[in-house]
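J.: Pasting a structure below so you can have a look.
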Amino acid sequence: PGNGHFDVPESSTLPRPPLTMFTEDEQMVRDMARQWSNEVLRPLVREMDEEEKMRQSVLDGLFECGFMGMEIPEEFGGSSLNFTSACLVVEELSRVDPSVSIIVDIHNTLTNNAVQFWGSAALKQKWLPRLASDTISSFALSEAGSGSDAFAMKTVAELSPDASYYTLDGTKLWISNAKEAGVFLLFANANPSAGYKGITAFMIDAQCPGITIGPPEKKLGLRASSTCPVTLENVKVGKEDVLGEVGMGYKYCINILNEGRIGIAAQQVGIAKGCLDAAMPYMEERKQFGTSIGDFQGMQHQYA
């Protein structure tokens, strides 16, 4: 549980079920996400897109349904579900509004899992209950000169003389969920002379003095999802807020983004299904030459 794999002893001769065969829990959470998306989310999608703003009621609903703590253990207020369940929820939300699903994907597959995998006991106790109940997270990696070359970042974290805290300075760009976030999983270089081996991960409260969230980018899609610059000026972060080990951020980043990309793939599948959901009824409604356009062979080739 929690990693999307089935724990089968090496000596067992039981065949592993195919990935397309879902457990009862996976089917239940998929159906719940589908129902919530259609009944609660769908009526708000167009308005949120036009306003380029996420409704607070939608964010509250994500937590109330348990969609924001799917792999977080029950002891921390989560649902103790697996990675497949998280992907199914992302897919179903994407069928209706991928602006909402990107919040769920980043929160579950990146932040929640990173804290579970590498966070100290104190960091887990501090953040997992909040991440499962009311605090949205944001993954802050990219910078102006650090996009695909993620490890060329310029944001620095300087250790204090008494080694009790770090001072962070720099600017992150294109940060999803930045406007709604209560915490940032943020990467900064604590030892620039070591190159990428100085990159360190921090869990930073969004209310820390010195953090400024810039205006959202104007985008062609996912318009209700905020994508903003995040500037850090003399931001003080306790050493206890370091995620994992100092200088290991680059490894954590590589590993956790592999999970996040699977979540994004689920999003794309959901978007494609949403397109079919909209197109198929229209092809029956739209008539030309006395028949539904869906009956024409040229159209059938495309949706077959």
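Residues are referred to by chain and number: the chain letter is A, B, ... according to the order shown in the structure tokens, the number counts from 1 in that chain, and ligands are numbered separately from 1 in the order shown.
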Report as a VMD selection string all protein, DNA and RNA residues lying within 10 Å of A:Tyr252, evaluated on only C-alpha atoms, omitting residues in the same chain fewer than 4 positions from it.

T.: chain A and resid 114 117 to 118 199 to 201 243 to 245 247 to 248 256 to 257

J.: Show which residues sit within 10 Å of A:Gly170, as a PyMOL selection string. Count only C-alpha atoms, and ignore same-chain residues fewer than 2 positions away.

T.: chain A and resi 143+153-157+168+172+188+211+230-235

J.: Using only C-alpha atoms, which of the listed residues (A:Thr135, A:Ser120, A:Ser94, A:Ser99) sits closest to A:Cys275?

T.: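 Residue with the minimum atom-to-atom distance to A:Cys275: A:Ser94.
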
J.: Quick one: residues within 8 Å of A:Met68, only C-alpha atoms counted, chain neighbours fewer than 4 positions away excluded, as a PyMOL selection string?

T.: chain A and resi 62-63+104+107-108+131-133

J.: Check the DSSP output for the backbone and give back, as a PyMOL selection string, the residues of stretch 23-243 of chain A in strand (DSSP E or B).

T.: chain A and resi 137-140+143+146+156-159+165-176+183-189+199-205+211-213+227-238+242-243

J.: So what do you get for atom CA of A:Leu185 versus atom CA of A:Val269, distance-wise?

T.: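 Computing the Euclidean distance for atom CA of A:Leu185 and atom CA of A:Val269 yields 26.5 Å.
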
J.: Using only C-alpha atoms, which of the listed residues (A:Met280, A:Ala206, A:Met48, A:Val246) sits closest to A:Leu222?

T.: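 Among the listed residues, A:Met48 lies closest to A:Leu222.
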